[in-house]
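Chemist: Here you go, this is entry01.cif (mmCIF, C-alpha atoms).
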data_target
#
loop_
_atom_site.group_PDB
_atom_site.id
_atom_site.type_symbol
_atom_site.label_atom_id
_atom_site.label_comp_id
_atom_site.auth_asym_id
_atom_site.auth_seq_id
_atom_site.Cartn_x
_atom_site.Cartn_y
_atom_site.Cartn_z
ATOM 1 C CA MET A 1 -16.608 28.769 -12.498
ATOM 2 C CA ARG A 2 -13.346 30.623 -12.860
ATOM 3 C CA ASP A 3 -13.878 34.345 -12.656
ATOM 4 C CA ALA A 4 -10.580 35.753 -11.333
ATOM 5 C CA ALA A 5 -8.465 37.113 -14.179
ATOM 6 C CA ILE A 6 -4.680 36.767 -14.284
ATOM 7 C CA ASN A 7 -3.007 38.813 -17.005
ATOM 8 C CA LEU A 8 0.605 38.729 -18.134
ATOM 9 C CA ARG A 9 2.741 39.679 -21.082
ATOM 10 C CA ALA A 10 5.122 37.293 -22.821
ATOM 11 C CA LEU A 11 7.561 37.350 -25.678
ATOM 12 C CA PRO A 12 6.200 35.808 -28.898
ATOM 13 C CA GLU A 13 8.663 32.911 -28.594
ATOM 14 C CA GLN A 14 7.526 32.256 -25.015
ATOM 15 C CA ARG A 15 3.910 32.181 -26.117
ATOM 16 C CA ALA A 16 4.778 29.806 -28.968
ATOM 17 C CA LEU A 17 6.640 27.502 -26.579
ATOM 18 C CA ILE A 18 3.712 27.460 -24.148
ATOM 19 C CA ASP A 19 1.218 26.857 -26.959
ATOM 20 C CA GLN A 20 3.307 23.968 -28.328
ATOM 21 C CA ALA A 21 3.521 22.287 -24.911
ATOM 22 C CA ALA A 22 -0.167 22.852 -24.201
ATOM 23 C CA GLN A 23 -1.120 21.359 -27.549
ATOM 24 C CA LEU A 24 0.985 18.257 -26.859
ATOM 25 C CA LEU A 25 -0.979 17.737 -23.645
ATOM 26 C CA GLY A 26 -4.326 18.451 -25.288
ATOM 27 C CA LYS A 27 -4.869 21.593 -23.213
ATOM 28 C CA ASN A 28 -5.547 25.176 -24.064
ATOM 29 C CA ARG A 29 -3.015 27.856 -23.149
ATOM 30 C CA SER A 30 -4.926 29.082 -20.096
ATOM 31 C CA ASP A 31 -5.373 25.623 -18.591
ATOM 32 C CA PHE A 32 -1.741 24.740 -19.251
ATOM 33 C CA MET A 33 -0.427 27.969 -17.729
ATOM 34 C CA LEU A 34 -2.727 27.793 -14.717
ATOM 35 C CA GLU A 35 -1.734 24.191 -13.997
ATOM 36 C CA ALA A 36 1.979 24.993 -14.385
ATOM 37 C CA ALA A 37 1.710 28.054 -12.143
ATOM 38 C CA CYS A 38 -0.210 26.128 -9.477
ATOM 39 C CA ASP A 39 2.347 23.286 -9.573
ATOM 40 C CA LYS A 40 5.160 25.790 -9.047
ATOM 41 C CA ALA A 41 3.269 27.621 -6.287
ATOM 42 C CA GLN A 42 2.621 24.359 -4.480
ATOM 43 C CA SER A 43 6.292 23.433 -4.757
ATOM 44 C CA VAL A 44 7.387 26.784 -3.315
ATOM 45 C CA LEU A 45 4.966 26.461 -0.411
ATOM 46 C CA LEU A 46 5.972 22.867 0.313
ATOM 47 C CA ASP A 47 9.616 23.951 0.415
ATOM 48 C CA GLN A 48 8.640 26.074 3.402
ATOM 49 C CA VAL A 49 7.236 23.053 5.234
ATOM 50 C CA PHE A 50 9.348 20.059 4.207
ATOM 51 C CA PHE A 51 13.117 20.031 4.358
ATOM 52 C CA THR A 52 15.904 17.481 4.209
ATOM 53 C CA LEU A 53 18.863 17.058 6.510
ATOM 54 C CA ASP A 54 21.914 14.842 6.361
ATOM 55 C CA ALA A 55 22.168 12.168 9.069
ATOM 56 C CA SER A 56 24.232 14.290 11.455
ATOM 57 C CA LYS A 57 21.978 17.346 11.242
ATOM 58 C CA PHE A 58 18.896 15.150 11.518
ATOM 59 C CA GLN A 59 20.224 13.626 14.736
ATOM 60 C CA THR A 60 20.944 17.106 16.135
ATOM 61 C CA PHE A 61 17.414 18.150 15.180
ATOM 62 C CA MET A 62 15.900 15.078 16.863
ATOM 63 C CA ASP A 63 18.010 15.637 19.998
ATOM 64 C CA LEU A 64 16.689 19.191 20.232
ATOM 65 C CA LEU A 65 13.115 17.978 19.834
ATOM 66 C CA ASP A 66 13.583 15.264 22.473
ATOM 67 C CA ALA A 67 15.327 17.535 24.988
ATOM 68 C CA PRO A 68 13.244 18.873 27.871
ATOM 69 C CA PRO A 69 12.162 22.471 27.374
ATOM 70 C CA SER A 70 14.235 25.239 28.881
ATOM 71 C CA PRO A 71 12.723 26.996 31.899
ATOM 72 C CA ASN A 72 10.391 29.782 30.820
ATOM 73 C CA PRO A 73 9.149 31.911 33.747
ATOM 74 C CA GLY A 74 6.659 33.790 31.590
ATOM 75 C CA LEU A 75 5.072 30.600 30.317
ATOM 76 C CA GLU A 76 5.006 29.088 33.808
ATOM 77 C CA ARG A 77 3.255 32.234 35.092
ATOM 78 C CA LEU A 78 0.732 32.019 32.245
ATOM 79 C CA TRP A 79 -0.036 28.360 33.048
ATOM 80 C CA SER A 80 -0.651 29.233 36.686
ATOM 81 C CA VAL A 81 -3.468 31.667 35.826
ATOM 82 C CA ASN A 82 -6.987 30.241 35.613
ATOM 83 C CA ALA A 83 -8.900 31.098 32.456
ATOM 84 C CA PRO A 84 -11.893 33.374 33.134
ATOM 85 C CA TRP A 85 -14.247 30.756 31.677
ATOM 86 C CA ALA A 86 -12.775 27.869 33.678
ATOM 87 C CA PRO A 87 -14.615 26.689 36.809
ATOM 88 C CA GLN A 88 -13.196 28.409 39.887
ATOM 89 C CA ALA A 89 -11.574 26.096 42.407
#
As structure tokens - that is how I would like this structure written.

Modeler:
Amino acid sequence: MRDAAINLRALPEQRALIDQAAQLLGKNRSDFMLEAACDKAQSVLLDQVFFTLDASKFQTFMDLLDAPPSPNPGLERLWSVNAPWAPQA
């Protein structure tokens, strides 16, 4: 059950446009607007995760991923400490 309200104001011509499109799809205004907003939100979020690179930049990216990690003294020190819950040697 949907119980979270989302309110917004629109120009009359915007409302008419939305109503016309919703009617063509056999949906009511709320369902149409909610679906459109969720589609856009999903697209925005996916743009933060998926990206495209040309061949040269992709190769540079892959080379960086395949390269051995740079020395990190802090991380090496952290790995040398036994966790308190780990069996003591």

Chemist: Have a look at atom CA of A:Arg2 and atom CA of A:Met33 and let me know their distance in Å, one decimal.

Modeler: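 For atom CA of A:Arg2 relative to atom CA of A:Met33, the distance reads 14.1 Å.
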
Chemist: Using all atoms listed in the file for the distances, tell me which of A:Phe61, A:Pro73, A:Pro84, A:Ile18 is nearest to A:Glu35.

Modeler: A:Ile18

Chemist: Could you please give me, as JSON, numbers by chain, the residues of protein, DNA or RNA lying at most 12 Å from (-4.1, 27.8, -19.3) in the coordinate frame of the file, considering only C-alpha atoms?

Modeler: {"A": [2, 5, 6, 7, 8, 15, 18, 19, 21, 22, 23, 25, 26, 27, 28, 29, 30, 31, 32, 33, 34, 35, 36, 37, 38]}

Chemist: Atom CA of A:Gln20 and atom CA of A:Val44 are how many Å apart?

Modeler: 25.5 Å

Chemist: What is the atom CA of A:Asp39 to atom CA of A:Ala16 distance in Å?

Modeler: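 Distance between the two atoms: 20.6 Å.
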